[in-house]
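Colleague: This structure is in C-alpha coordinates; I'll ask about it shortly.
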Amino acid sequence: RSRAKPTESLSAYELCLRAAPLVSRMDTPDNLDEGLRLLREALKRDPGYVQAKALYCYAHTGAIATRSWSFEQAKAALEPALEVINEAHDDALALAQAGHYLAYVHNRLTDGMTALSRAERLNPNSGQVLMLKGWVHIYRDENEAAITVLTRAKRLSPLHPQIGIMTCGFGNAHMQMGKIPEAIGYFEQALSEYPEFVTAVQGLMSCRYAIGEIEEARRLAGIYRAKAPRFSVQEYVENRPFESTEALHFVVDAMRALGFPETPEEAADALQDR
(Lines give C-alpha, C1' and ligand atoms only; values in the text may rest on other atoms or scores of the structure.)
Protein backbone atom coordinates (compact mmCIF):
# COMPACT_ATOMS: atom_id res chain seq x y z
CA ARG A 1 0.00 0.00 0.00
CA SER A 2 1.28 3.44 -0.91
CA ARG A 3 2.21 5.69 2.01
CA ALA A 4 1.55 8.79 -0.08
CA LYS A 5 -1.83 10.47 -0.24
CA PRO A 6 -3.27 9.53 -3.65
CA THR A 7 -4.15 13.10 -4.65
CA GLU A 8 -5.03 16.43 -3.12
CA SER A 9 -7.99 16.69 -5.50
CA LEU A 10 -11.08 14.87 -4.27
CA SER A 11 -12.72 15.29 -7.67
CA ALA A 12 -9.73 13.67 -9.40
CA TYR A 13 -9.90 10.82 -6.89
CA GLU A 14 -13.60 10.33 -7.56
CA LEU A 15 -13.03 10.31 -11.33
CA CYS A 16 -10.32 7.68 -10.94
CA LEU A 17 -12.62 5.51 -8.81
CA ARG A 18 -15.32 5.71 -11.48
CA ALA A 19 -12.84 4.90 -14.25
CA ALA A 20 -11.23 1.88 -12.58
CA PRO A 21 -13.98 -0.72 -13.19
CA LEU A 22 -14.58 0.53 -16.72
CA VAL A 23 -10.98 0.09 -17.89
CA SER A 24 -10.27 -3.01 -15.78
CA ARG A 25 -13.27 -4.88 -17.15
CA MET A 26 -11.81 -4.90 -20.69
CA ASP A 27 -15.19 -5.82 -22.16
CA THR A 28 -16.46 -3.14 -24.57
CA PRO A 29 -14.92 -0.24 -26.50
CA ASP A 30 -17.57 2.07 -25.04
CA ASN A 31 -16.56 1.28 -21.46
CA LEU A 32 -12.91 1.72 -22.39
CA ASP A 33 -13.56 5.10 -24.01
CA GLU A 34 -15.58 6.33 -21.04
CA GLY A 35 -12.94 5.14 -18.59
CA LEU A 36 -10.21 6.93 -20.53
CA ARG A 37 -12.30 10.10 -20.67
CA LEU A 38 -12.65 10.04 -16.89
CA LEU A 39 -8.92 9.43 -16.41
CA ARG A 40 -7.97 12.29 -18.74
CA GLU A 41 -10.23 14.56 -16.73
CA ALA A 42 -8.68 13.33 -13.47
CA LEU A 43 -5.20 14.09 -14.81
CA LYS A 44 -6.30 17.57 -15.86
CA ARG A 45 -7.29 18.23 -12.27
CA ASP A 46 -4.10 16.67 -10.87
CA PRO A 47 -1.37 16.09 -13.49
CA GLY A 48 0.82 14.36 -10.90
CA TYR A 49 -1.76 11.77 -9.85
CA VAL A 50 0.31 8.56 -10.05
CA GLN A 51 -2.56 6.10 -9.66
CA ALA A 52 -4.50 7.78 -12.48
CA LYS A 53 -1.43 7.64 -14.73
CA ALA A 54 -0.97 3.94 -13.98
CA LEU A 55 -4.61 3.17 -14.68
CA TYR A 56 -4.33 5.16 -17.90
CA CYS A 57 -1.47 2.85 -18.94
CA TYR A 58 -3.49 -0.21 -17.96
CA ALA A 59 -6.38 1.00 -20.11
CA HIS A 60 -4.05 1.20 -23.11
CA THR A 61 -2.87 -2.34 -22.39
CA GLY A 62 -6.47 -3.53 -22.26
CA ALA A 63 -7.26 -1.83 -25.55
CA ILE A 64 -4.66 -4.04 -27.23
CA ALA A 65 -5.47 -7.20 -25.28
CA THR A 66 -9.08 -6.95 -26.52
CA ARG A 67 -7.95 -5.71 -29.98
CA SER A 68 -10.09 -2.59 -29.62
CA TRP A 69 -7.11 -0.51 -30.82
CA SER A 70 -4.04 -0.98 -32.92
CA PHE A 71 -0.66 -1.32 -31.23
CA GLU A 72 0.28 2.09 -32.63
CA GLN A 73 -2.64 3.75 -30.86
CA ALA A 74 -1.75 2.07 -27.57
CA LYS A 75 1.83 3.34 -27.65
CA ALA A 76 0.59 6.83 -26.69
CA ALA A 77 0.85 6.09 -22.95
CA LEU A 78 4.65 5.69 -22.91
CA GLU A 79 5.35 9.03 -21.20
CA PRO A 80 2.97 8.49 -18.27
CA ALA A 81 4.26 4.92 -17.90
CA LEU A 82 7.82 6.15 -17.49
CA GLU A 83 6.65 8.81 -15.05
CA VAL A 84 4.95 6.15 -12.93
CA ILE A 85 8.12 4.03 -12.88
CA ASN A 86 10.07 7.04 -11.61
CA GLU A 87 7.45 8.35 -9.17
CA ALA A 88 5.65 5.32 -7.69
CA HIS A 89 8.31 4.46 -5.14
CA ASP A 90 5.98 2.57 -2.81
CA ASP A 91 2.85 1.88 -4.90
CA ALA A 92 2.97 -1.76 -5.98
CA LEU A 93 -0.12 -1.73 -8.18
CA ALA A 94 0.90 1.42 -10.05
CA LEU A 95 4.37 -0.03 -10.69
CA ALA A 96 2.86 -3.31 -11.89
CA GLN A 97 0.42 -1.65 -14.29
CA ALA A 98 3.06 0.64 -15.78
CA GLY A 99 5.65 -2.14 -15.95
CA HIS A 100 3.31 -4.52 -17.72
CA TYR A 101 2.38 -1.76 -20.16
CA LEU A 102 6.07 -1.21 -21.04
CA ALA A 103 6.57 -4.94 -21.59
CA TYR A 104 3.41 -5.66 -23.57
CA VAL A 105 2.98 -2.57 -25.71
CA HIS A 106 6.58 -1.40 -26.13
CA ASN A 107 8.45 -4.74 -25.93
CA ARG A 108 10.58 -3.33 -23.08
CA LEU A 109 10.65 -6.67 -21.34
CA THR A 110 13.60 -5.97 -19.04
CA ASP A 111 12.19 -2.62 -17.88
CA GLY A 112 8.80 -4.20 -17.37
CA MET A 113 10.14 -7.10 -15.33
CA THR A 114 12.26 -4.75 -13.21
CA ALA A 115 9.18 -2.70 -12.33
CA LEU A 116 7.13 -5.82 -11.60
CA SER A 117 9.83 -7.27 -9.39
CA ARG A 118 9.85 -4.01 -7.41
CA ALA A 119 6.05 -4.24 -7.17
CA GLU A 120 6.23 -7.83 -5.92
CA ARG A 121 8.73 -6.86 -3.22
CA LEU A 122 6.37 -4.10 -2.07
CA ASN A 123 3.32 -6.38 -2.04
CA PRO A 124 4.13 -10.09 -2.47
CA ASN A 125 0.53 -11.06 -1.71
CA SER A 126 -1.16 -9.09 -4.50
CA GLY A 127 -2.88 -11.35 -7.00
CA GLN A 128 -2.98 -8.53 -9.52
CA VAL A 129 0.76 -7.84 -9.29
CA LEU A 130 1.57 -11.54 -9.61
CA MET A 131 -0.80 -12.00 -12.55
CA LEU A 132 0.90 -9.21 -14.48
CA LYS A 133 4.35 -10.51 -13.58
CA GLY A 134 3.36 -13.97 -14.75
CA TRP A 135 2.43 -12.60 -18.14
CA VAL A 136 5.77 -10.84 -18.52
CA HIS A 137 7.47 -14.17 -17.76
CA ILE A 138 5.42 -15.57 -20.66
CA TYR A 139 6.55 -12.79 -22.98
CA ARG A 140 10.15 -13.65 -22.02
CA ASP A 141 9.53 -17.36 -22.76
CA GLU A 142 10.08 -18.19 -19.08
CA ASN A 143 7.16 -20.56 -18.96
CA GLU A 144 7.91 -22.57 -15.81
CA ALA A 145 8.42 -19.31 -13.89
CA ALA A 146 5.16 -17.99 -15.34
CA ILE A 147 3.24 -21.05 -14.18
CA THR A 148 4.74 -20.76 -10.69
CA VAL A 149 3.83 -17.07 -10.37
CA LEU A 150 0.35 -17.48 -11.86
CA THR A 151 -0.35 -20.40 -9.51
CA ARG A 152 0.49 -18.12 -6.57
CA ALA A 153 -1.73 -15.39 -8.02
CA LYS A 154 -4.66 -17.74 -8.40
CA ARG A 155 -4.21 -19.16 -4.90
CA LEU A 156 -4.12 -15.66 -3.39
CA SER A 157 -7.02 -14.35 -5.46
CA PRO A 158 -9.27 -17.25 -6.56
CA LEU A 159 -12.21 -14.90 -7.24
CA HIS A 160 -10.16 -12.27 -9.05
CA PRO A 161 -12.39 -10.26 -11.44
CA GLN A 162 -9.90 -11.00 -14.24
CA ILE A 163 -9.52 -14.69 -13.45
CA GLY A 164 -9.91 -15.49 -17.16
CA ILE A 165 -6.73 -13.53 -17.92
CA MET A 166 -4.86 -15.60 -15.32
CA THR A 167 -6.20 -18.82 -16.81
CA CYS A 168 -5.28 -17.70 -20.32
CA GLY A 169 -1.74 -17.16 -19.04
CA PHE A 170 -1.53 -20.84 -18.12
CA GLY A 171 -2.74 -21.64 -21.64
CA ASN A 172 -0.10 -19.47 -23.28
CA ALA A 173 2.69 -20.90 -21.13
CA HIS A 174 1.70 -24.48 -21.96
CA MET A 175 1.32 -23.62 -25.66
CA GLN A 176 4.84 -22.19 -25.73
CA MET A 177 6.10 -25.37 -24.05
CA GLY A 178 4.48 -27.47 -26.77
CA LYS A 179 1.91 -28.97 -24.38
CA ILE A 180 -1.04 -28.44 -26.70
CA PRO A 181 -3.75 -30.59 -25.02
CA GLU A 182 -3.10 -28.85 -21.70
CA ALA A 183 -3.09 -25.45 -23.41
CA ILE A 184 -6.45 -26.20 -25.05
CA GLY A 185 -7.98 -27.01 -21.67
CA TYR A 186 -6.78 -23.75 -20.18
CA PHE A 187 -7.89 -21.65 -23.17
CA GLU A 188 -11.36 -23.20 -23.08
CA GLN A 189 -11.62 -22.51 -19.36
CA ALA A 190 -10.41 -18.93 -19.89
CA LEU A 191 -13.11 -18.31 -22.47
CA SER A 192 -15.77 -19.67 -20.12
CA GLU A 193 -14.52 -17.16 -17.52
CA TYR A 194 -13.93 -14.25 -19.90
CA PRO A 195 -15.66 -14.77 -23.29
CA GLU A 196 -14.50 -11.39 -24.66
CA PHE A 197 -10.77 -12.10 -24.27
CA VAL A 198 -9.46 -12.44 -27.82
CA THR A 199 -6.00 -13.52 -26.66
CA ALA A 200 -7.62 -16.74 -25.46
CA VAL A 201 -9.52 -17.05 -28.75
CA GLN A 202 -6.24 -16.65 -30.65
CA GLY A 203 -4.49 -19.28 -28.56
CA LEU A 204 -7.32 -21.79 -28.83
CA MET A 205 -7.65 -21.15 -32.58
CA SER A 206 -3.93 -21.79 -33.10
CA CYS A 207 -3.97 -24.97 -31.04
CA ARG A 208 -7.04 -26.35 -32.80
CA TYR A 209 -5.41 -25.67 -36.15
CA ALA A 210 -2.18 -27.35 -35.05
CA ILE A 211 -3.93 -30.62 -34.14
CA GLY A 212 -5.90 -30.69 -37.37
CA GLU A 213 -9.31 -29.53 -36.11
CA ILE A 214 -9.67 -27.16 -39.04
CA GLU A 215 -13.40 -26.49 -38.90
CA GLU A 216 -13.25 -25.56 -35.23
CA ALA A 217 -10.20 -23.41 -35.92
CA ARG A 218 -12.14 -21.63 -38.68
CA ARG A 219 -15.05 -21.02 -36.33
CA LEU A 220 -12.70 -19.45 -33.79
CA ALA A 221 -11.00 -17.41 -36.52
CA GLY A 222 -14.41 -16.00 -37.41
CA ILE A 223 -14.98 -14.95 -33.80
CA TYR A 224 -11.54 -13.35 -33.66
CA ARG A 225 -11.92 -11.44 -36.92
CA ALA A 226 -15.38 -10.22 -35.92
CA LYS A 227 -13.85 -8.72 -32.77
CA ALA A 228 -10.72 -7.40 -34.51
CA PRO A 229 -11.52 -6.86 -38.21
CA ARG A 230 -8.50 -4.60 -38.79
CA PHE A 231 -5.96 -6.99 -37.30
CA SER A 232 -3.37 -8.42 -39.68
CA VAL A 233 -0.52 -10.91 -39.67
CA GLN A 234 1.93 -8.05 -40.16
CA GLU A 235 0.70 -6.17 -37.11
CA TYR A 236 1.01 -9.28 -34.98
CA VAL A 237 4.53 -10.09 -36.21
CA GLU A 238 5.83 -6.54 -35.79
CA ASN A 239 4.34 -5.84 -32.38
CA ARG A 240 3.93 -9.06 -30.42
CA PRO A 241 5.84 -8.97 -27.14
CA PHE A 242 6.68 -12.69 -27.11
CA GLU A 243 10.34 -13.69 -27.43
CA SER A 244 9.58 -17.28 -28.47
CA THR A 245 10.08 -17.61 -32.24
CA GLU A 246 8.46 -21.05 -32.12
CA ALA A 247 5.31 -19.56 -30.61
CA LEU A 248 5.37 -16.80 -33.22
CA HIS A 249 5.42 -19.30 -36.09
CA PHE A 250 2.81 -21.43 -34.34
CA VAL A 251 0.31 -18.54 -34.29
CA VAL A 252 1.26 -17.00 -37.64
CA ASP A 253 0.95 -20.32 -39.47
CA ALA A 254 -2.60 -20.63 -38.16
CA MET A 255 -3.48 -17.03 -38.99
CA ARG A 256 -2.30 -17.39 -42.58
CA ALA A 257 -3.97 -20.74 -43.13
CA LEU A 258 -7.24 -19.43 -41.73
CA GLY A 259 -7.38 -16.41 -44.02
CA PHE A 260 -6.25 -13.50 -41.87
CA PRO A 261 -5.18 -10.51 -44.00
CA GLU A 262 -1.44 -10.22 -44.41
CA THR A 263 -1.15 -6.42 -44.11
CA PRO A 264 -3.15 -3.58 -42.51
CA GLU A 265 -3.99 -2.40 -46.04
CA GLU A 266 -5.48 -5.79 -46.92
CA ALA A 267 -7.43 -5.76 -43.67
CA ALA A 268 -8.84 -2.31 -44.51
CA ASP A 269 -9.76 -3.45 -48.03
CA ALA A 270 -11.52 -6.53 -46.68
CA LEU A 271 -13.49 -4.37 -44.28
CA GLN A 272 -14.63 -2.08 -47.10
CA ASP A 273 -15.74 -5.08 -49.17
CA ARG A 274 -18.14 -6.30 -46.51
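Residues are named by chain letter and number: chains run A, B, ... in the order of the C-alpha coordinates, numbers start at 1 in each chain, and ligands are numbered from 1 in the order shown.
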Pull the closest atom pair for each residue of range 143-224 of chain A that gets at most 12 Å from range 119-132 of chain A, along with the distance in Å to one decimal, counting only C-alpha atoms, ordering rows by chain and then ascending residue number, as a tab-separated table.
Modeller:
residue	atom	partner	partner_atom	distance
A:Ala145	CA	A:Leu130	CA	11.2
A:Ala146	CA	A:Met131	CA	8.9
A:Ile147	CA	A:Met131	CA	10.0
A:Thr148	CA	A:Leu130	CA	9.8
A:Val149	CA	A:Leu130	CA	6.0
A:Leu150	CA	A:Met131	CA	5.6
A:Thr151	CA	A:Met131	CA	8.9
A:Arg152	CA	A:Leu130	CA	7.3
A:Ala153	CA	A:Gly127	CA	4.3
A:Lys154	CA	A:Gly127	CA	6.8
A:Arg155	CA	A:Gly127	CA	8.2
A:Leu156	CA	A:Gly127	CA	5.8
A:Ser157	CA	A:Gly127	CA	5.3
A:Pro158	CA	A:Gly127	CA	8.7
A:Leu159	CA	A:Gly127	CA	10.0
A:His160	CA	A:Gly127	CA	7.6
A:Pro161	CA	A:Gln128	CA	9.8
A:Gln162	CA	A:Gln128	CA	8.7
A:Ile163	CA	A:Met131	CA	9.2
A:Gly164	CA	A:Met131	CA	10.8
A:Ile165	CA	A:Met131	CA	8.1
A:Met166	CA	A:Met131	CA	6.1
A:Thr167	CA	A:Met131	CA	9.7
A:Cys168	CA	A:Met131	CA	10.6
A:Gly169	CA	A:Met131	CA	8.4
A:Phe170	CA	A:Met131	CA	10.5
Colleague: What are the closest atom pairs, with distances in Å to one decimal, for all residues of range 90-165 of chain A lying within 10 Å of range 175-186 of chain A? Consider only C-alpha atoms, order rows by chain and residue number, and present the result as a tab-separated table.
Modeller:
residue	atom	partner	partner_atom	distance
A:Ile138	CA	A:Gln176	CA	8.4
A:Tyr139	CA	A:Gln176	CA	9.9
A:Asp141	CA	A:Gln176	CA	7.4
A:Glu142	CA	A:Gln176	CA	9.4
A:Asn143	CA	A:Met177	CA	7.1
A:Glu144	CA	A:Met177	CA	8.9
A:Gly164	CA	A:Tyr186	CA	9.3
Colleague: To one decimal place, how far is CA of Thr199 in chain A from CA of Val136 in chain A in Å?
Modeller: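 Distance between the two atoms: 14.6 Å.
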Colleague: Write out as a list in words each polymer residue whose atoms come within 6 Å of range 39-56 of chain A, counting only C-alpha atoms; drop sequence neighbours fewer than 4 positions from it.
Modeller: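 These residues fall inside the cut-off: Thr7, Ala12, Leu15, Cys16, Pro80, Val84, Ala94, Gln97 and Ala98 of chain A.
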Colleague: For range 239-250 of chain A, please output as a VMD selection string all residues within 7 Å (counting only C-alpha atoms; exclusion window: fewer than 3 positions along the same chain).
Modeller: chain A and resid 71 103 to 104 107 139 to 141 176 206 235 to 236 253 to 254
Colleague: Which residues, written as a list of chain:residue names, have at least one atom at most 8 Å from Arg18 in chain A, with only C-alpha atoms counted and residues fewer than 3 positions away on the same chain left out?
Modeller: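 The filter keeps A:Glu14, A:Leu15, A:Pro21, A:Leu22, A:Gly35, A:Leu38.
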Colleague: Taking only C-alpha atoms into account, which of A:Cys57, A:Val105, A:Leu258, A:Ala115 comes nearest Ser70 in chain A?
Modeller: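 The shortest atom-to-atom distance to Ser70 in chain A comes from A:Val105.
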Colleague: Would you compute the distance between CA of Gln272 in chain A and CA of Leu191 in chain A? Give it in Å to one decimal.
Modeller: 29.5 Å
Colleague: Assign secondary structure with DSSP using the backbone only, and return the residues of range 197-232 of chain A in helix (DSSP H, G or I) as a list in words.
Modeller: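 In range 197-232 of chain A, DSSP puts these residues in helix (DSSP H, G or I): Val198, Thr199, Ala200, Val201, Gln202, Gly203, Leu204, Met205, Ser206, Cys207, Arg208, Tyr209, Ala210, Ile214, Glu215, Glu216, Ala217, Arg218, Arg219, Leu220, Ala221, Gly222, Ile223, Tyr224, Arg225, Ala226 and Lys227 of chain A.
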Colleague: Could those residues be written to a file, using N, CA, C and O atoms, as a short mmCIF file (atom, residue, chain, number, x, y, z; two decimals), in the first residue's frame?
Modeller:
data_model
loop_
_atom_site.label_atom_id
_atom_site.label_comp_id
_atom_site.auth_asym_id
_atom_site.auth_seq_id
_atom_site.Cartn_x
_atom_site.Cartn_y
_atom_site.Cartn_z
N VAL A 198 -9.86 -11.90 -26.52
CA VAL A 198 -9.46 -12.44 -27.82
C VAL A 198 -8.09 -13.12 -27.78
O VAL A 198 -7.77 -13.92 -28.65
N THR A 199 -7.27 -12.81 -26.78
CA THR A 199 -6.00 -13.52 -26.66
C THR A 199 -6.25 -15.01 -26.44
O THR A 199 -5.53 -15.86 -26.99
N ALA A 200 -7.26 -15.34 -25.67
CA ALA A 200 -7.62 -16.74 -25.46
C ALA A 200 -8.20 -17.34 -26.74
O ALA A 200 -7.93 -18.51 -27.07
N VAL A 201 -9.00 -16.57 -27.47
CA VAL A 201 -9.52 -17.05 -28.75
C VAL A 201 -8.37 -17.36 -29.71
O VAL A 201 -8.35 -18.40 -30.37
N GLN A 202 -7.39 -16.46 -29.77
CA GLN A 202 -6.24 -16.65 -30.65
C GLN A 202 -5.46 -17.91 -30.28
O GLN A 202 -5.07 -18.69 -31.15
N GLY A 203 -5.23 -18.10 -28.99
CA GLY A 203 -4.49 -19.28 -28.56
C GLY A 203 -5.23 -20.56 -28.87
O GLY A 203 -4.64 -21.53 -29.39
N LEU A 204 -6.52 -20.59 -28.57
CA LEU A 204 -7.32 -21.79 -28.83
C LEU A 204 -7.41 -22.07 -30.33
O LEU A 204 -7.29 -23.21 -30.78
N MET A 205 -7.61 -21.02 -31.11
CA MET A 205 -7.65 -21.15 -32.58
C MET A 205 -6.35 -21.78 -33.10
O MET A 205 -6.38 -22.72 -33.91
N SER A 206 -5.22 -21.30 -32.63
CA SER A 206 -3.93 -21.79 -33.10
C SER A 206 -3.72 -23.24 -32.71
O SER A 206 -3.20 -24.05 -33.50
N CYS A 207 -4.12 -23.58 -31.49
CA CYS A 207 -3.97 -24.97 -31.04
C CYS A 207 -4.88 -25.92 -31.81
O CYS A 207 -4.46 -27.02 -32.20
N ARG A 208 -6.12 -25.51 -32.03
CA ARG A 208 -7.04 -26.35 -32.80
C ARG A 208 -6.52 -26.57 -34.22
O ARG A 208 -6.59 -27.68 -34.76
N TYR A 209 -5.98 -25.53 -34.82
CA TYR A 209 -5.41 -25.67 -36.15
C TYR A 209 -4.23 -26.64 -36.14
O TYR A 209 -4.10 -27.51 -37.01
N ALA A 210 -3.39 -26.53 -35.12
CA ALA A 210 -2.18 -27.35 -35.05
C ALA A 210 -2.49 -28.84 -34.94
O ALA A 210 -1.73 -29.68 -35.43
N ILE A 214 -9.63 -28.34 -38.18
CA ILE A 214 -9.67 -27.16 -39.04
C ILE A 214 -11.01 -26.42 -38.94
O ILE A 214 -11.03 -25.19 -38.89
N GLU A 215 -12.10 -27.15 -38.94
CA GLU A 215 -13.40 -26.49 -38.90
C GLU A 215 -13.58 -25.70 -37.61
O GLU A 215 -14.09 -24.58 -37.62
N GLU A 216 -13.15 -26.28 -36.50
CA GLU A 216 -13.25 -25.56 -35.23
C GLU A 216 -12.31 -24.37 -35.23
O GLU A 216 -12.65 -23.29 -34.72
N ALA A 217 -11.13 -24.54 -35.82
CA ALA A 217 -10.20 -23.41 -35.92
C ALA A 217 -10.81 -22.30 -36.76
O ALA A 217 -10.66 -21.11 -36.43
N ARG A 218 -11.49 -22.64 -37.85
CA ARG A 218 -12.14 -21.63 -38.68
C ARG A 218 -13.24 -20.91 -37.92
O ARG A 218 -13.42 -19.69 -38.06
N ARG A 219 -13.99 -21.65 -37.13
CA ARG A 219 -15.05 -21.02 -36.33
C ARG A 219 -14.44 -19.98 -35.38
O ARG A 219 -14.93 -18.86 -35.26
N LEU A 220 -13.36 -20.36 -34.72
CA LEU A 220 -12.70 -19.45 -33.79
C LEU A 220 -12.08 -18.26 -34.52
O LEU A 220 -12.11 -17.13 -34.02
N ALA A 221 -11.55 -18.51 -35.72
CA ALA A 221 -11.00 -17.41 -36.52
C ALA A 221 -12.10 -16.41 -36.86
O ALA A 221 -11.86 -15.19 -36.88
N GLY A 222 -13.29 -16.90 -37.12
CA GLY A 222 -14.41 -16.00 -37.41
C GLY A 222 -14.76 -15.13 -36.21
O GLY A 222 -15.04 -13.93 -36.36
N ILE A 223 -14.72 -15.72 -35.01
CA ILE A 223 -14.98 -14.95 -33.80
C ILE A 223 -13.90 -13.88 -33.62
O ILE A 223 -14.19 -12.71 -33.33
N TYR A 224 -12.66 -14.28 -33.83
CA TYR A 224 -11.54 -13.35 -33.66
C TYR A 224 -11.65 -12.19 -34.64
O TYR A 224 -11.52 -11.02 -34.26
N ARG A 225 -11.89 -12.50 -35.90
CA ARG A 225 -11.92 -11.44 -36.92
C ARG A 225 -13.14 -10.54 -36.75
O ARG A 225 -13.09 -9.36 -37.10
N ALA A 226 -14.22 -11.07 -36.20
CA ALA A 226 -15.38 -10.22 -35.92
C ALA A 226 -15.05 -9.21 -34.82
O ALA A 226 -15.51 -8.06 -34.86
N LYS A 227 -14.23 -9.62 -33.85
CA LYS A 227 -13.85 -8.72 -32.77
C LYS A 227 -12.74 -7.77 -33.19
O LYS A 227 -12.64 -6.66 -32.66
#
Colleague: For the atom pair CA of Gln234 in chain A and CA of His174 in chain A, what is the interatomic distance in Å to one decimal place?
Modeller: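 Pair CA of Gln234 in chain A / CA of His174 in chain A returns 24.5 Å.
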